[in-house]
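Chemist: Below you will find the structure I want to go over with you.
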Amino acid sequence: MKITDLLTMDTILLNMTSSSKPEAIDELIGKLDQAGKLNDRDEFKKAIEAREEQSTTGIGEGIAIPHAKTVAVKDPAIAFGRSQEGLDYESLDGQPTNLFFMIAASEGANQTHLETLSRLSQFLMDKNFRQQLETAKTDADVIEAINAKEAEDDEEETQESSSEGKILAVTACPTGIAHTYMAADKLKETAKELGVDIKVQTNGSSGVKNRLTTEDIEQAAAIIVAADTKVDMSVFDGKHVIEVPVAKAIHEPKNLINKATSQDAPIYRHEGGRSDSEGDGNKRSGIYKHLMNGVSNMLPFVVGGGILIAISFFFGINSADPTSPEYNRFAEMLSTIGGGNAFFLLVPVLAGFIASSIADRPGFAPGMVGGLIAVTSGVEGADGGSGFLGGLIAGFLAGYLTLGIKKMLSGLPQVMDGLKTVLFYPVLSIFGTGMIMLLINPPLTSIYTGLLSWLEGLSGANIALLGIIIGGMMAVDMGGPINKAAYTFGLATLDAGNYSIIAAAMAGGMVPPLAMAFASTIFKNKFTPQERESGKTAYALGAFFITEGAIPFAAADPARVIPSMVVGSALTGALTMLFSIGLTAPHGGIIVIGLVEGGLTKALLYILAILIGSIVAAIMVGFLKKDLRKA
């Protein structure tokens, strides 16, 4: 859908009379209402104001894009307004705003809303386009400028798709929302400055956009894969490929494009999921990528199943047991769904997706089978087998064993290729993985249960030290491999019936965003306007245990922020252990505080531990960061 399908002559205001943000919002809403685009003007205003409370839509460079999706919208539309004098819209750069695009999306227009907002934002970064809007004399001039910009954009895409020797890129992050598109835009913007033809495929949450075709790949000089999650690499066999984390495309796009144009990258040879190119020194290791593929696919089972189990405890700690006086049928159903099914699949899913990351689709089945053996075939008297330890080993075992089988059978005649996938690979890999796991799982189970027994026997200073380690690890890289290692360890002990370590991990993970929220509120002069806006969002992210909410602050000033976060999280982890706090849910943050073992007193102590660590970290950041007024 084109922007001018939504922005029409009757929704343009070239001479706004507003002198403040509330007045500007009212004036733009009035224009939409006058054009018959709204069902309920007051409800739409509430939706716009609610969005502004989250963070200002004044994005800087004299631009504001207020937007809302609500049933109060009759027909999706965009209102354009221009203030000749400019006004204070609480913009992120602190400068006056004079160009306004108000997007009104109906309840069912989610994709249109996102795509239109994205395209508008992209166009408005073009200084020449902004100048055309600022100097437009009539409503028709505005429409003409937008149509011309869209035509120019379409022409560039056509040229990109037909140019030989162009550079290709794929961007992907685990959530597929922000970094995926930021990296794509940065690569395209930099390529344009360098005069390089580029086409970028985005693997986002709404699916693959701008997909690379076979023809594109054949003609490409090189491919940049900027991803923190699995990307299908088989199509790049025989091409120069640069593999880097998605953040590198955001921060070092020029370096990547120069490497690609000079073909300063090894030839990729597809052998089942991993490149033999080394990339550069900052590339994340293959083992980490395989592990993260397993953990990220396991997390929905963790969160959904774990919280359902925890909710069942609200009816009584033994409410799922038919022989208990506390028995409740609904609680039993919750426990069966969460524990008997979702939680039971954690280890097989972990192993299956680790194996498929290593060996592609043929690795999935043996990985699942190996993970299932890990939790069902241990030693007598040990419930849960070798648990997560066995699952990790099963995943890597199945993946690399399948790779070996694929290489072993690579010499078979081409006519037998179909039989490899449906017969040889599954039979041999499942057999090999299953036999090895049956042999090694009993000793692995003994090791696993011994480790858990040792942890349960810790007390006093030892338990506090464990809390320091777990809490600190959660803050070191805020969602990276160290964070995930601590969290996975907490899950393993939770699955084994030890609820204290997951409590320390969750509390430690909540501290970084909460600390930065407190710091940006208390020490305002140490943060930019944009960081202060991000700080407001960090309150919610921290409360719901989304550690990644602190990443923008850490990326901007790692030397001061990260050590402060580690100290605060380590302190919180130690306090939760000393307070003997146990938590029966693996995720949720503030939502599951009521599930802390020991009732209200323990829940309040848990909150206190989180607040103490957050405040200590915030104070450290406040003292370490420079005052921007003196910079």
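Residues are named by chain letter and number: chains run A, B, ... in the order of the structure tokens, numbers start at 1 in each chain, and ligands are numbered from 1 in the order shown.
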Compile the contact shell of A:Lys166 as a list in words: residues with an atom at most 6 Å away, counting only C-alpha atoms, same-chain residues fewer than 3 positions apart removed.
Modeler: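 The residues that qualify are Asp197, Ile198, Ala220 and Ala221 of chain A.
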Chemist: Keeping only C-alpha atoms, write those residues as a PDB file, in the first residue's frame.
Modeler:
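And here's selection_11.pdb as it stands now:
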ATOM      1  CA  ASP A 197      24.362  -1.747  -5.303  1.00  0.00           C
ATOM      2  CA  ILE A 198      22.888  -3.816  -2.472  1.00  0.00           C
ATOM      3  CA  ALA A 220      26.250 -11.438  -6.306  1.00  0.00           C
ATOM      4  CA  ALA A 221      29.875 -10.546  -5.656  1.00  0.00           C
TER       5      ALA A 221
END
Chemist: With only C-alpha atoms as the counted atoms, please give the residues lying no more than 10 Å from A:Phe545, apart from itself and same-chain residues fewer than 5 positions off, as a list of chain:residue names.
Modeler: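 Here the qualifying residues turn out to be A:Ala505, A:Met506, A:Ala507, A:Gly508, A:Gly509, A:Met510, A:Val511, A:Pro512, A:Pro513, A:Leu514, A:Ala540, A:His587, A:Gly588, A:Gly589, A:Ile590, A:Ile591.
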Chemist: Could you pull out the residues in stretch 559-593 of chain A that DSSP calls helix (DSSP H, G or I) from the backbone, as a PyMOL selection string?
Modeler: chain A and resi 559-578+589-593
Chemist: Atom CA of A:Pro426 and atom CA of A:Ala365 are how many Å apart?
Modeler: 7.0 Å
Chemist: Could you list, as a VMD selection string, every residue within 12 Å of stretch 331-339 of chain A, counting only C-alpha atoms and ignoring same-chain residues fewer than 2 positions away?
Modeler: chain A and resid 300 to 324 326 to 329 341 to 346 494 to 497 584 to 586
Chemist: Using only C-alpha atoms, please write the residues we just selected to a file, as an mmCIF file, in the first residue's frame.
Modeler:
data_model
loop_
_atom_site.group_PDB
_atom_site.id
_atom_site.type_symbol
_atom_site.label_atom_id
_atom_site.label_comp_id
_atom_site.auth_asym_id
_atom_site.auth_seq_id
_atom_site.Cartn_x
_atom_site.Cartn_y
_atom_site.Cartn_z
ATOM 1 C CA PRO A 300 8.267 -20.804 24.706
ATOM 2 C CA PHE A 301 7.927 -24.197 26.444
ATOM 3 C CA VAL A 302 9.765 -22.799 29.475
ATOM 4 C CA VAL A 303 7.650 -19.667 29.826
ATOM 5 C CA GLY A 304 4.278 -21.165 28.894
ATOM 6 C CA GLY A 305 4.660 -24.468 30.703
ATOM 7 C CA GLY A 306 6.450 -23.065 33.744
ATOM 8 C CA ILE A 307 3.938 -20.313 34.414
ATOM 9 C CA LEU A 308 1.010 -22.731 34.012
ATOM 10 C CA ILE A 309 2.609 -25.020 36.607
ATOM 11 C CA ALA A 310 3.136 -22.047 38.896
ATOM 12 C CA ILE A 311 -0.472 -20.886 38.526
ATOM 13 C CA SER A 312 -1.637 -24.328 39.620
ATOM 14 C CA PHE A 313 0.158 -23.699 42.931
ATOM 15 C CA PHE A 314 -2.214 -20.810 43.646
ATOM 16 C CA PHE A 315 -4.856 -23.456 44.408
ATOM 17 C CA GLY A 316 -2.555 -25.110 46.927
ATOM 18 C CA ILE A 317 0.903 -26.614 46.755
ATOM 19 C CA ASN A 318 -0.585 -30.123 46.425
ATOM 20 C CA SER A 319 -3.722 -29.099 44.515
ATOM 21 C CA ALA A 320 -2.740 -31.153 41.445
ATOM 22 C CA ASP A 321 -2.512 -34.380 43.487
ATOM 23 C CA PRO A 322 -5.820 -36.335 43.399
ATOM 24 C CA THR A 323 -4.997 -37.932 46.768
ATOM 25 C CA SER A 324 -4.519 -34.579 48.537
ATOM 26 C CA GLU A 326 -6.234 -29.626 48.465
ATOM 27 C CA TYR A 327 -7.037 -31.360 45.159
ATOM 28 C CA ASN A 328 -8.557 -29.155 42.450
ATOM 29 C CA ARG A 329 -9.382 -30.510 39.010
ATOM 30 C CA ASN A 341 3.625 -31.988 28.603
ATOM 31 C CA ALA A 342 5.228 -28.577 27.950
ATOM 32 C CA PHE A 343 7.943 -28.902 30.604
ATOM 33 C CA PHE A 344 8.543 -32.547 29.722
ATOM 34 C CA LEU A 345 9.491 -31.433 26.195
ATOM 35 C CA LEU A 346 12.133 -28.918 27.299
ATOM 36 C CA LEU A 494 14.051 -25.770 38.631
ATOM 37 C CA ASP A 495 13.229 -28.903 36.652
ATOM 38 C CA ALA A 496 14.957 -30.910 39.405
ATOM 39 C CA GLY A 497 12.882 -29.270 42.155
ATOM 40 C CA THR A 584 8.349 -21.920 41.155
ATOM 41 C CA ALA A 585 8.030 -20.008 37.866
ATOM 42 C CA PRO A 586 10.861 -19.670 35.334
#
Chemist: Just the residues within 9 Å of stretch 64-77 of chain A, please, counting only C-alpha atoms, with nothing from its chain fewer than 4 positions along; format it as an NGL selection string.
Modeler: :A and (5-8 or 11 or 25 or 32 or 36-45 or 47-52 or 56-60 or 89 or 91 or 97-110 or 112-113 or 117 or 120-121)
Chemist: Which polymer residues have any atom within 6 Å of an atom of A:Leu372, counting only C-alpha atoms, with same-chain residues fewer than 3 positions away left out, as a ChimeraX atom specification?
Modeler: /A:348,369,375
Chemist: Find the residue from A:His251, A:Lys239, A:Arg361, A:Lys626 that sits nearest to A:Val422; use only C-alpha atoms when measuring.
Modeler: A:Arg361
Chemist: Applying 12 Å and only C-alpha atoms, which residues near A:Gln131 remain after dropping the ones on its own chain fewer than 2 positions away? List them as a PyMOL selection string.
Modeler: chain A and resi 61-63+82+98-99+123-129+133-137+142+145-146
Chemist: So the first atom is atom CA of A:Thr202 and the second is atom CA of A:Val231; what is the distance between them in Å, to one decimal place?
Modeler: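 Distance between the two atoms: 10.6 Å.
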Chemist: I'd like the neighbourhood of A:Gly238 as a PyMOL selection string, where a residue qualifies if any of its atoms comes within 10 Å (using only C-alpha atoms), though same-chain residues fewer than 4 positions away should be ignored.
Modeler: chain A and resi 218+234+266-270
Chemist: Emit the selected residues as a short mmCIF file (atom, residue, chain, number, x, y, z; two decimals), in the first residue's frame, including N, CA and C atoms.
Modeler:
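Contents of out07.cif, freshly written:
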data_model
loop_
_atom_site.label_atom_id
_atom_site.label_comp_id
_atom_site.auth_asym_id
_atom_site.auth_seq_id
_atom_site.Cartn_x
_atom_site.Cartn_y
_atom_site.Cartn_z
N GLU A 218 23.30 -15.82 -7.71
CA GLU A 218 24.25 -16.18 -8.77
C GLU A 218 25.06 -14.96 -9.22
N SER A 234 22.39 -22.78 3.00
CA SER A 234 22.65 -23.72 1.91
C SER A 234 22.63 -23.03 0.54
N PRO A 266 36.10 -15.72 2.80
CA PRO A 266 36.28 -17.08 2.27
C PRO A 266 35.07 -17.55 1.48
N ILE A 267 35.29 -18.50 0.61
CA ILE A 267 34.19 -19.15 -0.11
C ILE A 267 33.44 -20.04 0.87
N TYR A 268 32.13 -19.91 0.89
CA TYR A 268 31.32 -20.73 1.80
C TYR A 268 31.05 -22.09 1.16
N ARG A 269 31.29 -23.14 1.92
CA ARG A 269 30.97 -24.49 1.47
C ARG A 269 29.95 -25.07 2.42
N HIS A 270 28.77 -25.35 1.89
CA HIS A 270 27.69 -25.83 2.75
C HIS A 270 27.84 -27.31 3.01
#
Chemist: As an exercise, work out the distance from atom CA of A:Trp454 to atom CA of A:Gly467 in Å and give it to one decimal place.
Modeler: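 Computing the Euclidean distance for atom CA of A:Trp454 and atom CA of A:Gly467 yields 14.7 Å.
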